[in-house]
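Shown here: model-v2.csv, CSV, C-alpha atoms.
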chain,number,residue,atom,x,y,z
W,12,MET,CA,0.0,0.0,0.0
W,13,LYS,CA,2.8,2.3,0.9
W,14,VAL,CA,4.5,1.8,-2.5
W,15,HIS,CA,1.2,2.5,-4.2
W,16,SER,CA,0.8,5.8,-2.2
W,17,ARG,CA,4.3,6.9,-3.2
W,18,LEU,CA,3.6,6.3,-6.8
W,19,ASN,CA,0.4,8.3,-6.6
W,20,SER,CA,2.3,11.2,-4.9
W,21,LYS,CA,4.9,11.1,-7.7
W,22,LYS,CA,2.3,11.2,-10.4
W,23,THR,CA,0.5,14.1,-8.7
W,24,LYS,CA,3.8,16.0,-8.4
W,25,GLU,CA,4.6,15.4,-12.1
W,26,LYS,CA,1.2,16.6,-13.0
W,27,ARG,CA,1.7,19.7,-11.0
W,28,ILE,CA,5.1,20.4,-12.6
W,29,ALA,CA,3.5,19.9,-16.0
W,30,ARG,CA,0.7,22.3,-15.1
W,31,VAL,CA,3.1,25.0,-13.9
W,32,LEU,CA,5.2,24.6,-17.0
W,33,PHE,CA,2.2,24.8,-19.2
W,34,GLY,CA,0.9,27.9,-17.4
W,35,ALA,CA,4.3,29.6,-17.7
W,36,GLY,CA,4.4,28.8,-21.3
W,37,VAL,CA,0.9,30.3,-21.8
W,38,VAL,CA,2.0,33.5,-19.9
W,39,LEU,CA,5.1,33.7,-22.0
W,40,LEU,CA,3.1,33.4,-25.2
W,41,LEU,CA,0.7,36.1,-24.0
W,42,GLY,CA,3.7,38.3,-23.1
W,43,VAL,CA,5.1,38.0,-26.5
W,44,THR,CA,1.7,38.6,-28.1
W,45,ILE,CA,0.9,41.6,-26.0
W,46,PRO,CA,4.2,43.0,-24.8
W,47,PHE,CA,2.9,46.4,-24.0
W,48,LEU,CA,0.6,45.1,-21.3
W,49,PHE,CA,3.4,43.0,-19.7
W,50,THR,CA,5.8,45.9,-19.8
W,51,LEU,CA,3.3,48.1,-18.2
W,52,VAL,CA,2.5,45.6,-15.5
W,53,GLY,CA,6.2,44.8,-15.0
W,54,ARG,CA,7.1,48.4,-14.5
W,55,VAL,CA,4.3,49.1,-12.1
W,56,VAL,CA,4.9,46.0,-10.0
W,57,MET,CA,8.7,46.5,-10.0
W,58,TYR,CA,8.5,50.2,-9.1
W,59,PRO,CA,9.5,49.6,-5.4
W,60,ILE,CA,12.5,47.5,-6.5
W,61,HIS,CA,13.3,50.1,-9.1
W,62,SER,CA,13.3,52.8,-6.5
W,63,THR,CA,15.6,50.8,-4.2
W,64,ASN,CA,17.9,50.2,-7.2
W,65,GLU,CA,18.0,53.9,-8.0
W,66,TRP,CA,18.7,54.7,-4.4
W,67,LEU,CA,21.6,52.2,-4.3
W,68,ARG,CA,23.0,53.7,-7.6
W,69,THR,CA,22.6,57.4,-6.9
W,70,SER,CA,22.0,58.2,-3.3
W,71,SER,CA,24.7,59.8,-1.2
W,72,SER,CA,23.6,58.0,2.0
W,73,ARG,CA,26.2,55.9,3.8
W,74,LEU,CA,25.1,52.4,2.7
W,75,PRO,CA,24.9,53.1,-1.1
W,76,MET,CA,28.1,55.1,-0.9
W,77,PHE,CA,29.9,52.3,0.9
W,78,LEU,CA,28.7,49.8,-1.6
W,79,ARG,CA,29.7,52.0,-4.6
W,80,GLU,CA,33.1,52.7,-3.0
W,81,GLN,CA,33.6,49.0,-2.5
W,82,ASP,CA,33.0,48.5,-6.2
W,83,GLU,CA,35.4,51.4,-7.1
W,84,LEU,CA,38.0,49.9,-4.8
W,85,VAL,CA,37.7,46.5,-6.5
W,86,ASP,CA,38.1,48.2,-9.8
W,87,GLU,CA,41.1,50.1,-8.5
W,88,ILE,CA,42.7,46.9,-7.2
W,89,LYS,CA,42.2,45.3,-10.7
W,90,ARG,CA,43.8,48.4,-12.3
W,91,LEU,CA,46.7,48.3,-10.0
W,92,GLU,CA,47.2,44.6,-10.5
W,93,ASN,CA,47.3,45.2,-14.3
W,94,GLU,CA,49.8,48.0,-13.8
W,95,LEU,CA,51.9,45.8,-11.6
W,96,ALA,CA,52.0,43.1,-14.2
W,97,VAL,CA,53.0,45.7,-16.8
W,98,ALA,CA,55.7,47.1,-14.5
W,99,GLN,CA,57.0,43.6,-13.9
W,100,SER,CA,57.3,43.0,-17.6
W,101,THR,CA,59.0,46.3,-18.0
W,102,ASP,CA,61.5,45.4,-15.2
W,103,LEU,CA,62.2,42.2,-17.1
W,104,THR,CA,62.8,44.2,-20.3
W,105,GLN,CA,65.1,46.6,-18.4
W,106,GLN,CA,67.1,43.6,-17.0
W,107,ARG,CA,67.4,42.1,-20.5
W,108,LEU,CA,68.6,45.4,-21.9
W,109,PHE,CA,71.0,45.9,-19.1
W,110,GLU,CA,72.5,42.4,-19.7
W,111,GLU,CA,72.6,43.0,-23.4
W,112,ASN,CA,74.3,46.4,-22.8
W,113,MET,CA,77.0,44.7,-20.6
W,114,TRP,CA,77.5,42.0,-23.2
W,115,LEU,CA,78.0,44.6,-25.9
W,116,ARG,CA,80.4,46.6,-23.8
W,117,GLU,CA,82.4,43.5,-23.2
W,118,LEU,CA,82.5,42.8,-26.9
W,119,LEU,CA,83.7,46.4,-27.5
W,120,SER,CA,86.3,46.0,-24.8
W,121,VAL,CA,84.8,48.8,-22.7
W,122,HIS,CA,86.1,48.2,-19.3
W,123,GLU,CA,84.6,49.6,-16.1
W,124,ARG,CA,87.0,52.0,-14.5
W,125,GLU,CA,88.5,50.9,-11.2
W,126,ARG,CA,87.0,52.4,-8.1
W,127,ILE,CA,87.9,52.8,-4.5
W,128,ALA,CA,85.3,52.3,-1.8
W,129,ALA,CA,85.4,55.0,0.8
W,130,ALA,CA,83.4,55.8,3.9
W,131,VAL,CA,82.0,59.2,4.5
W,132,ILE,CA,83.5,60.5,7.8
W,133,ALA,CA,82.1,64.0,7.7
W,134,ARG,CA,79.1,65.6,6.0
W,135,PRO,CA,76.8,68.5,6.3
W,136,THR,CA,76.0,69.8,8.9
W,137,GLU,CA,79.4,69.1,10.4
W,138,LEU,CA,81.0,70.5,7.3
W,139,PRO,CA,79.8,73.4,5.1
W,140,TYR,CA,76.9,72.2,3.0
W,141,ASP,CA,77.6,70.3,-0.3
W,142,LEU,CA,81.0,69.2,1.0
W,143,MET,CA,81.9,65.7,2.2
W,144,GLN,CA,85.0,64.2,3.8
W,145,ILE,CA,85.9,60.6,2.9
W,146,ASP,CA,88.4,58.3,4.7
W,147,ARG,CA,90.6,57.6,1.7
W,148,GLY,CA,93.4,59.9,0.5
W,149,SER,CA,96.4,60.1,-1.7
W,150,ASP,CA,97.9,57.0,0.1
W,151,ASP,CA,95.0,55.1,-1.5
W,152,SER,CA,95.5,56.6,-4.9
W,153,VAL,CA,92.7,59.1,-4.6
W,154,GLN,CA,93.4,62.0,-6.9
W,155,VAL,CA,92.1,65.5,-7.2
W,156,GLY,CA,89.5,65.6,-9.9
W,157,ALA,CA,88.4,62.0,-9.5
W,158,THR,CA,84.6,61.5,-9.8
W,159,VAL,CA,82.7,60.2,-6.8
W,160,TYR,CA,79.7,57.9,-7.2
W,161,VAL,CA,76.8,56.6,-5.1
W,162,GLY,CA,75.8,53.2,-6.4
W,163,ALA,CA,76.8,52.0,-9.8
W,164,ASP,CA,76.4,55.1,-11.9
W,165,ASN,CA,75.1,58.0,-9.8
W,166,VAL,CA,77.8,60.6,-10.0
W,167,ILE,CA,77.5,63.1,-7.1
W,168,GLY,CA,80.7,65.1,-7.0
W,169,ILE,CA,84.4,65.5,-7.6
W,170,VAL,CA,87.4,65.2,-5.2
W,171,THR,CA,88.8,68.7,-4.6
W,172,TYR,CA,91.4,68.0,-2.0
W,173,THR,CA,93.4,65.0,-1.0
W,174,ALA,CA,95.5,64.5,2.1
W,175,PRO,CA,97.4,61.2,2.7
W,176,SER,CA,94.5,59.6,4.7
W,177,TYR,CA,91.4,61.6,3.8
W,178,SER,CA,89.9,63.7,1.0
W,179,PHE,CA,87.3,66.3,0.5
W,180,VAL,CA,84.5,65.9,-2.1
W,181,GLU,CA,82.7,68.8,-3.6
W,182,LEU,CA,79.2,67.9,-4.6
W,183,PHE,CA,77.7,68.9,-7.9
W,184,THR,CA,75.1,70.8,-5.9
W,185,THR,CA,77.7,73.3,-4.6
W,186,PRO,CA,76.7,76.9,-5.5
W,187,GLY,CA,78.9,78.1,-8.4
W,188,PHE,CA,79.5,74.6,-9.7
W,189,SER,CA,78.5,74.2,-13.4
W,190,ALA,CA,78.7,71.4,-15.9
W,191,THR,CA,77.3,70.6,-19.3
W,192,ALA,CA,74.3,68.3,-18.8
W,193,PHE,CA,72.1,66.3,-21.0
W,194,ILE,CA,68.4,65.9,-20.1
W,195,SER,CA,66.9,62.7,-21.3
W,196,GLY,CA,63.3,63.0,-22.3
W,197,PRO,CA,63.3,66.4,-24.1
W,198,ASN,CA,66.8,65.4,-25.2
W,199,VAL,CA,68.5,68.8,-24.7
W,200,MET,CA,71.9,69.9,-23.7
W,201,THR,CA,72.0,72.5,-21.0
W,202,THR,CA,74.1,73.7,-18.1
W,203,LEU,CA,73.8,72.1,-14.7
W,204,GLU,CA,74.5,74.5,-11.9
W,205,GLY,CA,74.8,73.9,-8.2
W,206,TYR,CA,72.1,75.6,-6.3
W,207,GLY,CA,73.2,74.7,-2.7
W,208,GLY,CA,71.5,72.7,-0.1
W,209,GLY,CA,71.8,69.5,-2.0
W,210,ILE,CA,70.0,70.8,-5.0
W,211,ALA,CA,71.2,71.4,-8.5
W,212,ARG,CA,69.3,73.2,-11.3
W,213,VAL,CA,69.0,73.0,-15.0
W,214,SER,CA,67.5,75.8,-17.1
W,215,VAL,CA,65.9,75.3,-20.5
W,216,PRO,CA,63.9,77.6,-22.7
W,217,GLN,CA,60.2,77.8,-22.5
W,218,GLY,CA,58.4,75.3,-24.8
W,219,ILE,CA,60.7,72.4,-24.1
W,220,PRO,CA,58.7,69.6,-22.4
W,221,LEU,CA,60.7,69.4,-19.2
W,222,THR,CA,58.9,67.1,-16.8
W,223,VAL,CA,59.4,65.7,-13.3
W,224,GLY,CA,61.3,62.4,-13.6
W,225,ASN,CA,63.5,63.3,-16.6
W,226,LEU,CA,67.0,61.9,-16.2
W,227,VAL,CA,69.9,64.3,-16.1
W,228,TYR,CA,73.3,63.1,-17.3
W,229,VAL,CA,76.7,64.7,-17.1
W,230,PRO,CA,78.1,63.5,-20.5
W,231,GLY,CA,81.6,64.5,-19.7
W,232,ILE,CA,81.8,61.7,-17.1
W,233,ASP,CA,81.1,58.0,-17.9
W,234,PRO,CA,78.9,56.7,-16.5
W,235,GLY,CA,77.4,60.0,-15.5
W,236,VAL,CA,73.8,59.9,-14.4
W,237,PHE,CA,73.4,62.7,-11.9
W,238,GLY,CA,69.7,62.3,-11.0
W,239,ARG,CA,66.2,63.0,-11.9
W,240,VAL,CA,64.3,66.3,-12.2
W,241,ALA,CA,62.3,66.5,-9.0
W,242,TYR,CA,60.6,69.7,-9.5
W,243,VAL,CA,59.9,72.0,-12.5
W,244,GLU,CA,59.5,75.8,-12.0
W,245,ASN,CA,57.7,77.1,-15.0
W,246,ARG,CA,56.5,80.7,-15.1
W,247,PRO,CA,55.0,81.6,-18.4
W,248,THR,CA,56.2,85.1,-18.1
W,249,GLN,CA,59.8,84.1,-17.8
W,250,PRO,CA,61.9,83.2,-20.9
W,251,GLU,CA,63.3,80.1,-19.1
W,252,GLN,CA,62.0,77.2,-17.1
W,253,TYR,CA,64.0,75.5,-14.3
W,254,GLY,CA,64.3,71.9,-13.4
W,255,TYR,CA,65.5,71.2,-9.8
W,256,ILE,CA,67.5,68.0,-9.2
W,257,VAL,CA,68.2,66.5,-5.8
W,258,LEU,CA,70.8,64.0,-4.9
W,259,PRO,CA,69.7,60.3,-5.3
W,260,LYS,CA,70.1,59.9,-1.5
W,261,PRO,CA,70.0,62.6,1.1
W,262,VAL,CA,73.5,63.8,2.0
W,263,THR,CA,73.0,62.7,5.6
W,264,GLY,CA,72.1,59.2,4.4
W,265,ILE,CA,75.2,58.6,2.3
W,266,ASN,CA,77.6,56.4,4.3
W,267,TYR,CA,79.7,54.9,1.5
W,268,VAL,CA,80.8,56.3,-1.8
W,269,ALA,CA,83.0,55.0,-4.7
W,270,VAL,CA,85.8,57.1,-6.0
W,271,ALA,CA,87.1,56.6,-9.5
W,272,LYS,CA,90.8,55.7,-9.5
W,273,ASP,CA,91.7,57.6,-12.6
W,274,VAL,CA,90.9,61.2,-13.4
W,275,VAL,CA,89.0,61.4,-16.7
W,276,ALA,CA,89.5,64.6,-18.7
W,277,PRO,CA,85.9,65.5,-19.5
W,278,THR,CA,84.9,66.0,-23.1
W,279,ALA,CA,82.9,69.1,-23.6
W,280,PRO,CA,80.1,68.5,-26.1
W,281,PRO,CA,79.7,72.2,-27.1
W,282,THR,CA,83.3,72.3,-28.1
W,283,ILE,CA,82.9,69.2,-30.3
W,284,GLU,CA,79.7,70.7,-31.8
W,285,GLU,CA,81.5,73.9,-32.6
W,286,ARG,CA,84.3,72.0,-34.3
W,287,VAL,CA,81.9,69.9,-36.3
W,288,ARG,CA,80.0,73.0,-37.3
W,289,GLU,CA,83.2,74.7,-38.5
W,290,LEU,CA,84.1,71.6,-40.5
W,291,ILE,CA,80.7,71.5,-42.1
W,292,LYS,CA,80.9,75.2,-42.9
W,293,SER,CA,84.3,74.9,-44.6
W,294,ALA,CA,83.2,71.8,-46.5
W,295,LEU,CA,80.2,73.5,-48.0
W,296,LEU,CA,81.7,77.0,-48.5
W,297,VAL,CA,82.6,77.7,-52.1
W,298,ASP,CA,85.4,80.3,-52.4
W,299,THR,CA,84.1,82.4,-55.3
W,300,LYS,CA,87.2,84.6,-55.5
W,301,ASN,CA,89.6,81.9,-56.5
W,302,PHE,CA,87.9,79.7,-59.1
W,303,THR,CA,88.3,79.5,-63.0
W,304,ILE,CA,85.9,78.2,-65.6
W,305,GLY,CA,87.6,75.9,-68.1
W,306,THR,CA,86.5,76.1,-71.8
W,307,SER,CA,86.4,73.4,-74.4
W,308,THR,CA,87.8,73.8,-78.0
W,309,PRO,CA,85.6,73.2,-81.0
W,310,SER,CA,88.0,70.5,-82.4
W,311,THR,CA,87.5,68.2,-79.5
W,312,THR,CA,84.4,66.4,-78.5
W,313,PRO,CA,82.0,68.6,-76.7
W,314,THR,CA,82.0,68.3,-73.0
W,315,THR,CA,80.3,70.0,-70.1
W,316,THR,CA,82.0,73.0,-68.7
W,317,PRO,CA,84.0,72.0,-65.7
W,318,ILE,CA,84.3,74.3,-62.7
W,319,GLU,CA,87.7,74.1,-61.0
W,320,ILE,CA,87.7,75.2,-57.5
W,321,LEU,CA,91.1,76.3,-56.5
W,322,PRO,CA,92.3,75.7,-53.0
X,173,MET,CA,12.3,33.6,10.3
X,174,LYS,CA,12.6,31.4,7.3
X,175,THR,CA,9.8,33.3,5.5
X,176,ILE,CA,11.3,36.7,6.2
X,177,LEU,CA,14.7,35.5,5.0
X,178,SER,CA,13.2,34.0,1.9
X,179,ALA,CA,11.3,37.2,1.1
X,180,LEU,CA,14.5,39.2,1.6
X,181,ILE,CA,16.4,36.9,-0.7
X,182,PHE,CA,13.6,37.1,-3.3
X,183,ILE,CA,13.8,40.9,-3.3
X,184,LEU,CA,17.6,40.8,-3.4
X,185,ILE,CA,17.5,38.6,-6.5
X,186,ALA,CA,15.5,41.3,-8.2
X,187,ILE,CA,17.9,44.0,-7.1
X,188,MET,CA,20.9,42.0,-8.2
X,189,VAL,CA,19.5,41.5,-11.6
X,190,MET,CA,18.8,45.2,-11.9
X,191,GLN,CA,22.3,46.0,-10.7
X,192,ASN,CA,23.6,43.7,-13.4
X,193,GLN,CA,25.2,41.5,-10.7
X,194,LEU,CA,24.1,38.3,-12.5
X,195,PHE,CA,26.5,36.0,-10.8
X,196,ALA,CA,25.3,37.0,-7.4
X,197,ALA,CA,21.7,36.7,-8.6
X,198,VAL,CA,22.2,33.2,-9.9
X,199,LEU,CA,23.8,32.2,-6.5
X,200,LEU,CA,20.9,33.6,-4.6
X,201,ALA,CA,18.4,32.0,-7.0
X,202,GLY,CA,20.1,28.7,-6.4
X,203,TRP,CA,19.8,29.1,-2.6
X,204,PHE,CA,16.2,30.2,-3.0
X,205,THR,CA,15.4,27.2,-5.1
X,206,TRP,CA,17.0,24.9,-2.6
X,207,ARG,CA,15.2,26.4,0.4
X,208,VAL,CA,11.8,27.4,-1.0
X,209,GLY,CA,11.5,26.2,-4.6
X,210,ALA,CA,11.7,27.6,-8.1
X,211,PHE,CA,8.0,28.3,-8.6
X,212,LEU,CA,8.1,31.8,-7.2
X,213,LEU,CA,11.0,32.7,-9.5
X,214,LEU,CA,8.7,32.3,-12.5
X,215,PRO,CA,6.5,35.4,-11.7
X,216,LEU,CA,9.6,37.3,-10.7
X,217,ALA,CA,11.3,36.5,-14.0
X,218,ILE,CA,8.1,37.5,-15.9
X,219,MET,CA,8.0,40.8,-14.0
X,220,LEU,CA,11.7,41.5,-14.6
X,221,ASP,CA,11.3,40.8,-18.3
X,222,GLY,CA,8.3,43.1,-18.3
X,223,TYR,CA,10.3,45.8,-16.5
X,224,PHE,CA,13.2,45.6,-19.0
X,225,GLY,CA,10.7,45.5,-21.9
X,226,ALA,CA,12.1,42.1,-23.0
X,227,PHE,CA,8.7,40.9,-24.3
X,228,TYR,CA,9.3,43.1,-27.3
X,229,ASP,CA,12.2,40.9,-28.1
X,230,VAL,CA,13.2,37.7,-26.4
X,231,PRO,CA,12.2,37.3,-22.7
X,232,VAL,CA,15.5,35.6,-21.8
X,233,ILE,CA,15.0,35.7,-18.0
X,234,THR,CA,11.6,34.1,-18.2
X,235,LEU,CA,12.9,31.4,-20.5
X,236,CYS,CA,15.8,30.7,-18.1
X,237,ALA,CA,13.4,30.6,-15.2
X,238,ILE,CA,11.1,28.1,-16.9
X,239,ALA,CA,14.1,25.9,-17.7
X,240,TRP,CA,15.4,26.3,-14.2
X,241,TYR,CA,12.1,25.4,-12.7
X,242,GLY,CA,11.9,22.2,-14.8
X,243,VAL,CA,15.4,21.2,-13.9
X,244,SER,CA,15.2,22.0,-10.3
X,245,GLU,CA,11.9,20.2,-9.7
X,246,PHE,CA,13.6,17.0,-11.0
X,247,VAL,CA,16.9,17.6,-9.2
X,248,ARG,CA,15.6,18.9,-5.8
X,249,PRO,CA,13.9,15.7,-4.6
X,250,ARG,CA,17.1,13.8,-5.3
X,251,LEU,CA,19.1,16.3,-3.3
X,252,LEU,CA,16.8,16.5,-0.3
X,253,MET,CA,17.1,13.4,1.8
X,254,HIS,CA,13.9,13.9,3.9
X,255,TYR,CA,11.4,15.1,1.5
X,256,LYS,CA,8.1,16.0,3.1
X,257,GLU,CA,5.8,14.3,0.7
X,258,TYR,CA,7.6,11.0,1.1
X,259,GLU,CA,7.6,11.4,4.9
X,260,LYS,CA,3.8,11.9,4.8
X,261,ALA,CA,3.3,8.8,2.6
Structure re-expressed in structure tokens:
Amino acid sequence: MKVHSRLNSKKTKEKRIARVLFGAGVVLLLGVTIPFLFTLVGRVVMYPIHSTNEWLRTSSSRLPMFLREQDELVDEIKRLENELAVAQSTDLTQQRLFEENMWLRELLSVHERERIAAAVIARPTELPYDLMQIDRGSDDSVQVGATVYVGADNVIGIVTYTAPSYSFVELFTTPGFSATAFISGPNVMTTLEGYGGGIARVSVPQGIPLTVGNLVYVPGIDPGVFGRVAYVENRPTQPEQYGYIVLPKPVTGINYVAVAKDVVAPTAPPTIEERVRELIKSALLVDTKNFTIGTSTPSTTPTTTPIEILP
Amino acid sequence: MKTILSALIFILIAIMVMQNQLFAAVLLAGWFTWRVGAFLLLPLAIMLDGYFGAFYDVPVITLCAIAWYGVSEFVRPRLLMHYKEYEKA
């Protein structure tokens, strides 16, 4: 009897499901036939839900704001993750380029100059600003004019005095110091001048796209990256704009430096440019005072009139 | 308590569909089907399609709801171990 009852119940249930499905199908068919009525009913019935939805979307109350901000934060996280992935790939590219560069340098027999590690024993404010004392001197082959680095290629100053056991380093940020510099980005040559207080300054004419983060090189020294432009002072009424460069590390935070063993005579690019310009001028200039025009005789084969330029 | 919770979930499904949070809506619909049944989702789907004006085109939500009802009514008894009707019998 029990089995019979279960079977009946199952049959009833199946009938109910079939009835519901049939009813839903009829409603669907009606909806497709008279969509206007269904849309109207739907909009009227769903009005409270619609209002709630609009409140969640546009209200400035705490809850909707919180929910919206949460969505924005999720989007922000996604964006940052993407940026991180891009940055990681860029880092990989930089590493590959660095290795390739080292390999090419090796092929071209470009050897790194020998350096001496030195500890900073006095710095501002113990010494006048933009001056450092290091614990290596002439006994350790430190020479006046040797360049001083922080890290692999961040040049910060020049040795100006050597004693047997110590030396003084004048930083590029010393007031009055000037060097020819190259700004990567706008790719312009300009003059780097010490401003004092651990700051150096480059000036370029208005219109040149000088931006924060541009690398500043001292091309007379190899490798000669000085730093990045940290601030741009641009007043439209002034003919020039200024880029301020700070040291890669604060002066008080520099404990060790590397001093180049040999003194490299810096090559001044403007001088080279001037020489090249003179050469180009002399090559293109035709001295009109000292030239003769040759003529051809009628007996010989006709030729074009040659112009002889006399030296 | 169960009725209130079910009613809240029912409204939340509608809001989630309106907010275009379809994944959350599907999850809630799954939970609602398991606890209450899929029958009530049919009028909700019809109303949502009416609200979106989907009857002028293809009422996708209603079609999905009908299919979901059919599937769930066959699957649910197999998932629930102590089904009331069998217990009565």
| message | If I take CA of Val97 in chain W and CA of Thr222 in chain W, how far is one from the other in Å, to one decimal? | response |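 These two atoms are separated by 22.2 Å.
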| message | Within 9 Å of chain X, which residues belong to chain W? Use all atoms listed in the file and report them as JSON, numbers by chain. | response | {"W": [13, 14, 16, 17, 20, 28, 29, 31, 32, 35, 36, 38, 39, 42, 43, 44, 45, 46, 47, 48, 49, 50, 51, 52, 53, 54, 55, 56, 57, 58, 60, 61, 63, 64, 67, 68]}
| query | What is the CA of Ala98 in chain W-CA of Ala241 in chain W distance in Å, reported with one decimal? | reply |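 Separation between CA of Ala98 in chain W and CA of Ala241 in chain W: 21.2 Å.
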| said: One decimal, in Å: what's the spacing between CA of Ser62 in chain W and CA of Pro75 in chain W? | reply: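 That distance, rounded to one decimal, is 12.8 Å.
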So that each row is one residue of range 136-192 of chain W with an atom at most 9 Å from range 201-210 of chain W, can you give its shortest atom pair and the distance in Å to one decimal, using only C-alpha atoms, rows by chain and rising number, as a Markdown table?
| residue | atom | partner | partner_atom | distance |
| --- | --- | --- | --- | --- |
| W:Tyr140 | CA | W:Gly208 | CA | 6.2 |
| W:Asp141 | CA | W:Gly209 | CA | 6.1 |
| W:Leu182 | CA | W:Gly209 | CA | 8.0 |
| W:Phe183 | CA | W:Gly205 | CA | 5.8 |
| W:Thr184 | CA | W:Gly205 | CA | 3.9 |
| W:Thr185 | CA | W:Gly205 | CA | 4.7 |
| W:Pro186 | CA | W:Gly205 | CA | 4.5 |
| W:Gly187 | CA | W:Gly205 | CA | 5.9 |
| W:Phe188 | CA | W:Gly205 | CA | 5.0 |
| W:Ser189 | CA | W:Glu204 | CA | 4.3 |
| W:Ala190 | CA | W:Leu203 | CA | 5.1 |
| W:Thr191 | CA | W:Thr202 | CA | 4.6 |
| W:Ala192 | CA | W:Thr201 | CA | 5.3 |
| message | Can you tell me which residues surround Asn245 in chain W at a distance of at most 12 Å, considering only C-alpha atoms, apart from same-chain residues fewer than 3 positions away, and format the answer as a VMD selection string? | response | chain W and resid 214 to 223 242 248 to 255
